[in-house]
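What's in my_file.tsv: TSV, C-alpha atoms and all ligand atoms
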```
chain	number	residue	atom	x	y	z
V	150	MET	CA	-114.17	87.98	-132.43
V	151	LYS	CA	-113.68	89.36	-128.94
V	152	ILE	CA	-113.11	93.13	-129.03
V	153	GLY	CA	-111.78	94.91	-125.95
V	154	GLU	CA	-110.04	98.12	-125.04
V	155	THR	CA	-106.57	98.71	-123.68
V	156	THR	CA	-104.17	101.57	-123.01
V	157	CYS	CA	-100.53	101.93	-124.00
V	158	LYS	CA	-97.60	103.72	-122.39
V	159	SER	CA	-96.15	104.65	-125.79
V	160	ILE	CA	-97.27	104.15	-129.39
V	161	LEU	CA	-94.38	105.46	-131.50
V	162	ASN	CA	-91.93	102.66	-130.84
V	163	LYS	CA	-88.45	102.00	-132.23
V	164	SER	CA	-88.49	99.24	-134.82
V	165	GLY	CA	-85.84	96.70	-135.77
V	166	ILE	CA	-87.39	96.33	-139.25
V	167	SER	CA	-85.00	97.30	-142.01
V	168	GLY	CA	-85.80	100.62	-143.69
V	169	VAL	CA	-88.03	102.07	-140.98
V	170	GLU	CA	-87.25	103.79	-137.67
V	171	TYR	CA	-90.54	103.38	-135.84
V	172	ALA	CA	-93.61	101.15	-135.79
V	173	ILE	CA	-97.10	102.09	-134.67
V	174	ASN	CA	-99.53	99.30	-133.79
V	175	PRO	CA	-103.00	100.75	-133.14
V	176	TYR	CA	-104.41	97.40	-131.97
V	177	VAL	CA	-103.30	94.35	-130.00
V	178	GLY	CA	-104.26	91.24	-131.96
V	179	CYS	CA	-105.51	90.99	-135.50
V	180	GLY	CA	-108.85	89.98	-136.98
V	181	HIS	CA	-107.25	88.89	-140.23
V	182	ALA	CA	-106.21	85.71	-138.43
V	183	CYS	CA	-103.53	84.68	-140.92
V	184	VAL	CA	-102.49	81.09	-140.32
V	185	TYR	CA	-98.78	81.83	-140.78
V	186	CYS	CA	-98.76	85.10	-138.78
V	187	TYR	CA	-95.37	85.90	-137.22
V	188	ALA	CA	-96.99	88.15	-134.61
V	189	LYS	CA	-98.53	85.23	-132.69
V	190	PHE	CA	-95.72	85.59	-130.16
V	191	MET	CA	-97.75	88.51	-128.76
V	192	THR	CA	-99.89	85.94	-126.93
V	193	ARG	CA	-96.95	85.41	-124.58
V	194	TRP	CA	-97.97	88.73	-123.01
V	195	TYR	CA	-101.55	89.38	-124.09
V	196	HIS	CA	-104.55	87.03	-124.07
V	197	LYS	CA	-102.39	84.09	-122.98
V	198	GLY	CA	-103.75	80.79	-124.24
V	199	GLU	CA	-106.25	82.42	-126.60
V	200	LYS	CA	-106.23	81.74	-130.32
V	201	TRP	CA	-104.49	84.37	-132.45
V	202	GLY	CA	-107.14	86.01	-134.62
V	203	SER	CA	-109.91	85.60	-132.02
V	204	PHE	CA	-109.29	88.84	-130.09
V	205	VAL	CA	-108.52	92.49	-130.73
V	206	ASP	CA	-107.84	95.20	-128.18
V	207	VAL	CA	-108.26	98.79	-129.28
V	208	LYS	CA	-105.55	101.11	-127.93
V	209	LYS	CA	-107.90	103.85	-126.82
V	210	ASN	CA	-105.21	106.36	-125.78
V	211	ALA	CA	-103.09	105.85	-128.94
V	212	VAL	CA	-103.59	109.37	-130.32
V	213	GLU	CA	-103.10	111.02	-126.94
V	214	CYS	CA	-99.71	109.23	-126.63
V	215	LEU	CA	-98.73	110.00	-130.21
V	216	LYS	CA	-99.41	113.72	-129.86
V	217	LYS	CA	-96.83	113.88	-127.05
V	218	GLU	CA	-94.31	111.55	-128.69
V	219	VAL	CA	-94.09	113.33	-132.04
V	220	THR	CA	-92.89	116.43	-130.24
V	221	LYS	CA	-90.18	114.55	-128.34
V	222	LYS	CA	-88.80	111.95	-130.76
V	223	ARG	CA	-86.53	112.53	-133.74
V	224	PRO	CA	-88.47	112.24	-137.05
V	225	GLY	CA	-87.98	109.01	-138.96
V	226	ILE	CA	-90.03	106.64	-141.13
V	227	VAL	CA	-93.02	105.18	-139.28
V	228	LEU	CA	-94.45	101.80	-140.27
V	229	LEU	CA	-98.13	101.13	-139.69
V	230	SER	CA	-98.02	98.33	-138.61
V	231	SER	CA	-95.65	95.57	-137.54
V	232	VAL	CA	-97.60	93.19	-135.26
V	233	THR	CA	-101.17	93.95	-136.25
V	234	ASP	CA	-102.97	95.11	-139.39
V	235	PRO	CA	-103.89	98.82	-139.24
V	236	TYR	CA	-106.94	98.23	-141.47
V	237	GLN	CA	-108.27	95.03	-139.95
V	238	PRO	CA	-112.09	94.89	-139.56
V	239	ALA	CA	-112.10	96.64	-136.13
V	240	GLU	CA	-110.68	99.77	-137.78
V	241	LYS	CA	-113.96	100.30	-139.62
V	242	LYS	CA	-115.69	101.01	-136.32
V	243	TYR	CA	-112.89	102.45	-134.14
V	244	GLY	CA	-110.90	104.46	-136.69
V	245	VAL	CA	-107.70	104.53	-134.60
V	246	THR	CA	-105.48	104.28	-137.69
V	247	ARG	CA	-107.30	107.17	-139.34
V	248	LYS	CA	-106.82	109.36	-136.26
V	249	ILE	CA	-103.14	108.38	-136.11
V	250	LEU	CA	-102.64	109.44	-139.74
V	251	GLU	CA	-104.34	112.76	-139.02
V	252	CYS	CA	-102.02	113.22	-136.06
V	253	LEU	CA	-98.90	112.46	-138.15
V	254	MET	CA	-99.79	115.10	-140.71
V	255	ASN	CA	-97.15	117.87	-140.82
V	256	THR	CA	-95.02	116.33	-138.07
V	257	GLY	CA	-92.05	115.50	-140.31
V	258	PHE	CA	-92.47	111.74	-139.83
V	259	PRO	CA	-92.69	109.94	-143.22
V	260	VAL	CA	-95.31	107.17	-143.18
V	261	GLU	CA	-95.25	103.67	-144.62
V	262	ILE	CA	-98.50	101.70	-144.45
V	263	LEU	CA	-98.71	97.94	-144.89
V	264	THR	CA	-102.06	96.16	-144.91
V	265	LYS	CA	-104.04	93.28	-146.32
V	266	SER	CA	-107.25	95.27	-146.43
V	267	SER	CA	-108.93	97.44	-149.01
V	268	LEU	CA	-110.40	99.42	-146.10
V	269	ILE	CA	-107.32	101.61	-146.58
V	270	LEU	CA	-109.20	103.22	-149.50
V	271	ARG	CA	-111.46	104.91	-146.95
V	272	ASP	CA	-108.49	107.05	-145.85
V	273	MET	CA	-107.33	108.03	-149.29
V	274	ASP	CA	-108.20	111.68	-148.55
V	275	ILE	CA	-105.76	111.86	-145.63
V	276	ILE	CA	-103.10	109.65	-147.21
V	277	ASP	CA	-103.13	111.87	-150.28
V	278	GLU	CA	-102.30	114.87	-148.11
V	279	LEU	CA	-99.42	113.29	-146.19
V	280	PRO	CA	-96.19	114.88	-147.48
V	281	GLU	CA	-94.21	111.62	-147.49
V	282	VAL	CA	-96.14	108.37	-147.67
V	283	GLU	CA	-95.96	104.94	-149.24
V	284	VAL	CA	-98.85	102.49	-149.39
V	285	GLY	CA	-98.15	98.76	-149.34
V	286	LEU	CA	-100.54	95.85	-149.80
V	287	THR	CA	-99.48	92.33	-148.91
V	288	ILE	CA	-100.23	89.71	-151.54
V	289	THR	CA	-99.19	86.11	-151.04
V	290	CYS	CA	-101.09	84.36	-153.85
V	291	MET	CA	-103.36	85.02	-156.80
V	292	GLU	CA	-106.10	82.53	-155.99
V	293	ASP	CA	-108.77	83.52	-153.53
V	294	LYS	CA	-109.41	79.92	-152.50
V	295	ILE	CA	-105.82	79.87	-151.15
V	296	ARG	CA	-106.30	83.28	-149.52
V	297	ARG	CA	-109.40	81.99	-147.71
V	298	VAL	CA	-107.35	79.18	-146.15
V	299	PHE	CA	-104.32	81.19	-145.06
V	300	GLU	CA	-105.68	84.73	-144.58
V	301	PRO	CA	-109.35	84.15	-143.75
V	302	GLY	CA	-110.14	87.60	-142.35
V	303	ALA	CA	-108.32	89.70	-144.95
V	304	SER	CA	-109.60	91.31	-148.16
V	305	THR	CA	-109.78	89.31	-151.36
V	306	VAL	CA	-106.70	89.27	-153.57
V	307	GLN	CA	-108.54	91.24	-156.26
V	308	ASP	CA	-109.62	93.94	-153.80
V	309	ARG	CA	-106.00	94.39	-152.70
V	310	LEU	CA	-104.79	94.60	-156.30
V	311	ASP	CA	-107.53	97.13	-157.04
V	312	ALA	CA	-106.52	99.21	-154.01
V	313	LEU	CA	-102.92	99.34	-155.23
V	314	LYS	CA	-104.12	100.53	-158.63
V	315	THR	CA	-106.32	103.23	-157.13
V	316	PHE	CA	-103.50	104.65	-155.01
V	317	ASN	CA	-100.93	104.39	-157.78
V	318	ASP	CA	-103.24	106.07	-160.30
V	319	ALA	CA	-103.67	108.89	-157.79
V	320	GLY	CA	-99.91	109.46	-157.82
V	321	ILE	CA	-99.23	107.91	-154.41
V	322	GLN	CA	-96.13	105.71	-154.05
V	323	THR	CA	-97.13	102.05	-153.76
V	324	TYR	CA	-95.49	98.72	-153.15
V	325	ALA	CA	-96.55	95.10	-152.93
V	326	PHE	CA	-95.20	92.92	-150.17
V	327	LEU	CA	-95.18	89.40	-151.59
V	328	GLY	CA	-94.68	87.45	-148.46
V	329	PRO	CA	-94.57	85.04	-147.14
V	330	LEU	CA	-94.63	83.18	-150.44
V	331	LEU	CA	-96.06	79.81	-149.45
V	332	PRO	CA	-94.33	76.75	-150.87
V	333	TYR	CA	-96.16	75.44	-153.96
V	334	VAL	CA	-99.55	77.03	-153.12
V	335	SER	CA	-98.36	80.56	-153.96
V	336	GLU	CA	-96.76	79.41	-157.17
V	337	ASP	CA	-99.81	79.21	-159.41
V	338	GLY	CA	-100.33	82.59	-160.90
V	339	LEU	CA	-96.97	84.14	-160.00
V	340	GLU	CA	-96.37	85.17	-163.63
V	341	GLU	CA	-99.87	86.64	-163.78
V	342	LEU	CA	-99.23	88.45	-160.50
V	343	MET	CA	-95.99	89.99	-161.78
V	344	ASN	CA	-97.82	91.13	-164.94
V	345	THR	CA	-100.64	92.64	-162.91
V	346	LEU	CA	-98.30	94.51	-160.57
V	347	ALA	CA	-96.50	96.19	-163.46
V	348	ASP	CA	-99.09	98.98	-163.75
V	349	ARG	CA	-99.71	99.56	-160.04
V	350	VAL	CA	-96.57	99.44	-157.91
V	351	ASN	CA	-93.32	101.38	-157.70
V	352	ARG	CA	-91.50	98.46	-156.10
V	353	VAL	CA	-91.97	95.03	-154.55
V	354	ILE	CA	-90.54	93.23	-151.54
V	355	VAL	CA	-90.49	89.44	-151.68
V	356	ASP	CA	-90.05	87.10	-148.74
V	357	ARG	CA	-90.24	83.37	-148.08
V	358	LEU	CA	-92.09	81.50	-145.35
V	359	ASN	CA	-90.42	81.35	-141.95
V	360	ILE	CA	-91.66	78.54	-139.73
V	361	LYS	CA	-89.34	79.34	-136.87
V	362	ALA	CA	-91.79	81.87	-135.50
V	363	GLY	CA	-93.81	79.24	-133.59
V	364	ASN	CA	-96.34	79.12	-136.40
V	365	TRP	CA	-95.82	75.59	-137.74
V	366	LYS	CA	-98.69	74.04	-135.76
V	367	PRO	CA	-101.47	76.22	-137.25
V	368	ILE	CA	-99.92	75.87	-140.72
V	369	GLN	CA	-99.87	72.09	-140.32
V	370	ILE	CA	-103.52	72.05	-139.24
V	371	ALA	CA	-104.51	74.17	-142.26
V	372	LEU	CA	-102.54	71.92	-144.58
V	373	GLU	CA	-104.01	68.74	-143.09
V	374	LYS	CA	-107.48	70.10	-143.77
V	375	ASN	CA	-106.88	71.50	-147.23
V	376	PHE	CA	-103.65	70.24	-148.81
V	377	PRO	CA	-102.47	67.19	-146.81
V	378	GLU	CA	-100.23	66.07	-149.66
V	379	LEU	CA	-98.16	69.24	-149.27
V	380	ILE	CA	-97.05	68.73	-145.65
V	381	PRO	CA	-93.70	67.07	-146.54
V	382	GLU	CA	-93.11	69.66	-149.27
V	383	PHE	CA	-93.72	72.53	-146.85
V	384	LYS	CA	-91.31	71.06	-144.33
V	385	GLU	CA	-88.61	70.50	-146.93
V	386	ALA	CA	-89.06	73.93	-148.52
V	387	SER	CA	-88.88	75.63	-145.15
V	388	ARG	CA	-85.34	74.41	-144.42
V	389	ASP	CA	-82.64	77.13	-144.42
V	390	ASP	CA	-80.85	75.48	-147.35
V	391	SER	CA	-84.05	74.93	-149.33
V	392	GLU	CA	-83.47	74.49	-153.06
V	393	TYR	CA	-87.14	75.25	-153.56
V	394	TYR	CA	-86.73	78.89	-152.52
V	395	ASP	CA	-83.48	79.18	-154.52
V	396	GLU	CA	-85.54	78.44	-157.60
V	397	VAL	CA	-88.36	80.82	-156.58
V	398	ARG	CA	-85.78	83.58	-156.01
V	399	ARG	CA	-84.30	83.00	-159.46
V	400	LYS	CA	-87.71	83.05	-161.17
V	401	MET	CA	-88.80	86.21	-159.40
V	402	ARG	CA	-85.54	88.02	-160.05
V	403	VAL	CA	-85.84	87.27	-163.78
V	404	GLY	CA	-89.55	88.10	-163.81
V	405	PHE	CA	-89.28	91.45	-162.08
V	406	ASP	CA	-86.16	92.49	-164.01
V	407	LYS	CA	-87.99	91.71	-167.26
V	408	ARG	CA	-90.83	93.98	-166.20
V	409	ALA	CA	-88.48	96.67	-164.84
V	410	ILE	CA	-90.05	96.53	-161.37
V	411	PRO	CA	-87.51	97.20	-158.60
V	412	ALA	CA	-87.58	94.08	-156.40
V	413	ASP	CA	-86.05	93.58	-153.00
V	414	ILE	CA	-85.93	89.81	-152.55
V	415	VAL	CA	-85.06	89.41	-148.90
V	416	PHE	CA	-84.23	85.67	-148.70
V	501	LIG	S1	-102.64	90.70	-141.25
V	501	LIG	FE1	-100.54	90.61	-140.49
V	501	LIG	S2	-100.72	90.86	-138.27
V	501	LIG	FE2	-102.74	90.36	-139.03
V	501	LIG	S3	-102.90	88.15	-138.76
V	501	LIG	FE3	-102.20	88.57	-140.87
V	501	LIG	S4	-99.97	88.46	-140.80
V	501	LIG	FE4	-100.72	88.69	-138.67
```
Have the structure of the file written as structure tokens, please.
Amino acid sequence: MKIGETTCKSILNKSGISGVEYAINPYVGCGHACVYCYAKFMTRWYHKGEKWGSFVDVKKNAVECLKKEVTKKRPGIVLLSSVTDPYQPAEKKYGVTRKILECLMNTGFPVEILTKSSLILRDMDIIDELPEVEVGLTITCMEDKIRRVFEPGASTVQDRLDALKTFNDAGIQTYAFLGPLLPYVSEDGLEELMNTLADRVNRVIVDRLNIKAGNWKPIQIALEKNFPELIPEFKEASRDDSEYYDEVRRKMRVGFDKRAIPADIVF
């Protein structure tokens, strides 16, 4: 992993993501190196030609920028993060996300955090004091052998589930982002996952795989190495009119309704 430093002109940026007004990305790049990552397009502007997941740049003036911006911009929900993971391994050393949370305290900006790392537990003290906050953990499968293939740098599935429980038990609003659900490989354990989430989340968001984000090549390479028989299935399931995802949507709707977990299925 190549770690560098960079500066930004602004850090509190308008977001097109539904339900949030702003996104803060404390880093450029992401050490979680997810095979399907939709943020790979960032290499059009940064680290051209380098492999996504092999570099991280720390935005060293992030807090300085944020301090000015919170006084000038209208308060709205801030998502940490949209094109990086705020608790990727580099955060352990650099702590930019922690400093950003400290800076957002008492500014009137509600905070939504989404991560694949149990490192978020380190900041429970600050998160607990934020007046409006929601903690989300992404979970795309129940089996860690699948996680190792598609999300090699992220926390284990169990650690993420445990983190959700810890926050929820502490009275902090939590959600699980189940996405992207990977055709066939995510399926094993979905019932078990829905059961497990019942005592640790206030809501879930579910999404399918999108292979229009320029990410098919790395997915294909991972499949060739680990599940070659699934390549045709992945291609078929990823079509817009996929019957596969119609069935997944139906199963998840029934499953979450049965468990009384509010579910936003966005496909
Ligand atoms: S954690 Fe998110 S930003 Fe990081 S590589 Fe995975 S999908 Fe991309």
Report summary line: If you count only C-alpha atoms, the residue of V:Phe316, V:Tyr394, V:Tyr324, V:Phe405 closest to Glu341 of chain V turns out to be V:Phe405
Query raised in the report: Can I get the residues close to ligand LIG 501 (chain V) as a ChimeraX atom specification, where close means within 7 Å and we count only C-alpha atoms and all ligand atoms?
Result: /V:179-183,185-188,202,231-234,264-265,300,303
Query - Neighbours of point (-107.3, 109.1, -135.4) within 12 Å, using all atoms listed in the file, written as a list in words - result: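 Those residues, ordered by chain and then number, are Pro175, Lys208, Lys209, Asn210, Ala211, Val212, Glu213, Cys214, Leu215, Lys216, Pro235, Glu240, Lys241, Lys242, Tyr243, Gly244, Val245, Thr246, Arg247, Lys248, Ile249, Leu250, Glu251, Cys252, Leu253, Met254, Asp272 and Ile275 of chain V.
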Query raised in the report: Taking all atoms listed in the file into account, which of V:Ile410, V:Leu268, V:Val403, V:Val298 comes nearest Glu373 of chain V?
Result: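 Residue with the minimum atom-to-atom distance to Glu373 of chain V: V:Val298.
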Using all atoms listed in the file, which protein or nucleic acid residues come within 10 Å of Val227 of chain V? Drop anything in the same chain fewer than 2 positions from it, and give the result as a PDB file with C-alpha atoms, in the coordinates of the input.
```
ATOM      1  CA  LEU V 161     -94.380 105.460-131.500  1.00  0.00           C
ATOM      2  CA  ASN V 162     -91.930 102.660-130.840  1.00  0.00           C
ATOM      3  CA  LYS V 163     -88.450 102.000-132.230  1.00  0.00           C
ATOM      4  CA  SER V 164     -88.490  99.240-134.820  1.00  0.00           C
ATOM      5  CA  GLY V 168     -85.800 100.620-143.690  1.00  0.00           C
ATOM      6  CA  VAL V 169     -88.030 102.070-140.980  1.00  0.00           C
ATOM      7  CA  GLU V 170     -87.250 103.790-137.670  1.00  0.00           C
ATOM      8  CA  TYR V 171     -90.540 103.380-135.840  1.00  0.00           C
ATOM      9  CA  ALA V 172     -93.610 101.150-135.790  1.00  0.00           C
ATOM     10  CA  ILE V 173     -97.100 102.090-134.670  1.00  0.00           C
ATOM     11  CA  PRO V 224     -88.470 112.240-137.050  1.00  0.00           C
ATOM     12  CA  GLY V 225     -87.980 109.010-138.960  1.00  0.00           C
ATOM     13  CA  LEU V 229     -98.130 101.130-139.690  1.00  0.00           C
ATOM     14  CA  SER V 230     -98.020  98.330-138.610  1.00  0.00           C
ATOM     15  CA  LEU V 253     -98.900 112.460-138.150  1.00  0.00           C
ATOM     16  CA  PHE V 258     -92.470 111.740-139.830  1.00  0.00           C
ATOM     17  CA  PRO V 259     -92.690 109.940-143.220  1.00  0.00           C
ATOM     18  CA  VAL V 260     -95.310 107.170-143.180  1.00  0.00           C
ATOM     19  CA  GLU V 261     -95.250 103.670-144.620  1.00  0.00           C
ATOM     20  CA  ILE V 262     -98.500 101.700-144.450  1.00  0.00           C
ATOM     21  CA  VAL V 282     -96.140 108.370-147.670  1.00  0.00           C
TER      22      VAL V 282
END
```
Report task. Would you work out the distance separating atom CA of Gly165 of chain V from atom CA of Ile226 of chain V, expressed in Å to one decimal? Result ->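 Between atom CA of Gly165 of chain V and atom CA of Ile226 of chain V the gap is 12.0 Å.
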Who sits within 9 Å of Asp311 of chain V, only C-alpha atoms, same chain under 5 positions skipped, as a PDB file with C-alpha atoms, in the frame of the given file:
```pdb
ATOM      1  CA  SER V 267    -108.930  97.440-149.010  1.00  0.00           C
ATOM      2  CA  VAL V 306    -106.700  89.270-153.570  1.00  0.00           C
ATOM      3  CA  PHE V 316    -103.500 104.650-155.010  1.00  0.00           C
ATOM      4  CA  ARG V 349     -99.710  99.560-160.040  1.00  0.00           C
TER       5      ARG V 349
END
```
Query raised in the report: Near Val205 of chain V, within 8 Å and counting all atoms listed in the file, which residues show up once chain neighbours fewer than 6 positions away are dropped, as number ranges by chain?
Result: V: 150-153, 176-180, 239
Please, could you write that set of residues out with C-alpha atoms as a JSON list (two decimals), in the coordinates of the input?
```json
[["chain", "number", "residue", "atom", "x", "y", "z"],
["V", 150, "MET", "CA", -114.17, 87.98, -132.43],
["V", 151, "LYS", "CA", -113.68, 89.36, -128.94],
["V", 152, "ILE", "CA", -113.11, 93.13, -129.03],
["V", 153, "GLY", "CA", -111.78, 94.91, -125.95],
["V", 176, "TYR", "CA", -104.41, 97.40, -131.97],
["V", 177, "VAL", "CA", -103.30, 94.35, -130.00],
["V", 178, "GLY", "CA", -104.26, 91.24, -131.96],
["V", 179, "CYS", "CA", -105.51, 90.99, -135.50],
["V", 180, "GLY", "CA", -108.85, 89.98, -136.98],
["V", 239, "ALA", "CA", -112.10, 96.64, -136.13]]
```
Query - Which of V:Tyr195, V:Phe383, V:Phe299, V:Phe326 sits closest to Val415 of chain V [using all atoms listed in the file] - result: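 Ranked by minimum distance to Val415 of chain V, first place goes to V:Phe326.
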Query raised in the report: By how many Å are atom CA of Tyr393 of chain V and atom CA of Leu331 of chain V apart?
Result: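 Atom CA of Tyr393 of chain V sits 10.8 Å away from atom CA of Leu331 of chain V.
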Query raised in the report: For the atom pair atom CA of Tyr333 of chain V and atom CA of Pro238 of chain V, what is the interatomic distance in Å to one decimal place?
Result: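 Between these atoms lies a distance of 29.0 Å.
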Query - V:Met343, V:Ala409, V:Ala362, V:Cys290 ranked by distance to Met191 of chain V, top pick (using only C-alpha atoms) - result: V:Ala362
Report task. Compare V:Phe190, V:Ala371, V:Asp413, V:Val397 by their minimum atom-to-atom distance to Pro301 of chain V, counting all atoms listed in the file, and give me the closest one. Result ->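 Using all atoms listed in the file, the shortest distance to Pro301 of chain V belongs to V:Ala371.
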